[in-house]
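Engineer: Let me begin by handing over the structure; questions about it come next.
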Amino acid sequence: MSNNKERTQRIRNGIAALERIAEGGVYGPERLYGLCSAIRYATDYHPQSIKAFDEICKEWPWYSGNADHPVPCPDGGDPMEAYRTLDRYEGAYGYLRKDLAAYAAKELTKLLEN
């Protein structure tokens with residue numbers, strides 16, 4: 001497979017994983033490790049895809065300001081604490097994570113089309 005086709009396929013895999021998560025289809029390991037790990041696994045640790053996802057997180061309207069924990073705590077608390085203590089895909093925090101997944105999938109799709 002050529003490098004360009006391989007890159008395209010890896011990005012498509014990442015988009016598919018994010019769309020699935022946005023729709024509520026979250027696998028067991030993703031419940032433990034979250035969106036960043038999901039994109040890494042889905043793209044087979046493709047550096048450009050990971051970098052693109054990280055940058056997209058920073059553009060998301062609800063970005064927490066924390067690159068390691070981009071999803072904000074719904075009550076305004078520490079995003080790292082929210083990641084450690086709240087259910088990642090239920091309630092207000094889960095809604096935000098799914099929203100980020102949907103946003104990132106759309107932005108990666110745009111990137112792929114260009």
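We label chains A, B, ... in the order they appear in the structure tokens, count residues from 1 in each chain, and number ligands from 1 in the order shown.
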Residues at most 12 Å from Glu6 of chain A, counting only C-alpha atoms, excluding those fewer than 3 positions away in the same chain, as an MDAnalysis selection string?
Structural biologist: chainID A and resid 1:3 9:13 43:44 46 48:49
Engineer: Just the alpha helix (DSSP H) stuff from chain A, please, per backbone DSSP, written as a PyMOL selection string.
Structural biologist: chain A and resi 3-22+28-42+47-59+79-85+91-113
Engineer: Identify which of the residues A:Ser37, A:Asp87, A:Leu96, A:Tyr45 lies closest to Ser64 of chain A, counting only C-alpha atoms when measuring atom-to-atom distances.
Structural biologist: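 Using only C-alpha atoms, Ser64 of chain A sits closest to A:Leu96.
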Engineer: Do you have the atom CA of Leu18 of chain A-atom CA of Ala105 of chain A distance handy?
Structural biologist: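 About the pair atom CA of Leu18 of chain A and atom CA of Ala105 of chain A: they are 5.6 Å apart.
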Engineer: Which of these residues is nearest to Pro61 of chain A, using only C-alpha atoms: A:Arg20, A:Glu81, A:Tyr103, A:Tyr33?
Structural biologist: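 Using only C-alpha atoms, Pro61 of chain A sits closest to A:Tyr103.
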Engineer: So the first atom is atom CA of Gly24 of chain A and the second is atom CA of Cys36 of chain A; what is the distance between them in Å, to one decimal place?
Structural biologist: 16.2 Å
Engineer: Would you list the contacts of Glu59 of chain A as a list in words, taking every protein, DNA or RNA residue within 12 Å and counting only C-alpha atoms, but skipping same-chain residues closer than 2 positions in sequence?
Structural biologist: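 Everything that qualifies: Ala52, Phe53, Asp54, Glu55, Ile56, Cys57, Pro61, Trp62, Tyr63, Ser64, Gly65, Ala67, Pro70, Val71, Leu100, Tyr103, Ala104 and Glu107 of chain A.
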Engineer: In Å, with one decimal, what is the gap from atom CA of His69 of chain A to atom CA of Gly91 of chain A?
Structural biologist: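 Pair atom CA of His69 of chain A / atom CA of Gly91 of chain A returns 17.4 Å.
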Engineer: Glu23 of chain A: which residues within 10 Å, counting only C-alpha atoms, same-chain residues fewer than 6 positions away excluded, as a PyMOL selection string?
Structural biologist: chain A and resi 98-99+101-102
Engineer: Would you mind telling me which residue in A:Pro74, A:Ile15, A:Lys5, A:Pro79 lies nearest to Leu111 of chain A when using only C-alpha atoms?
Structural biologist: A:Ile15
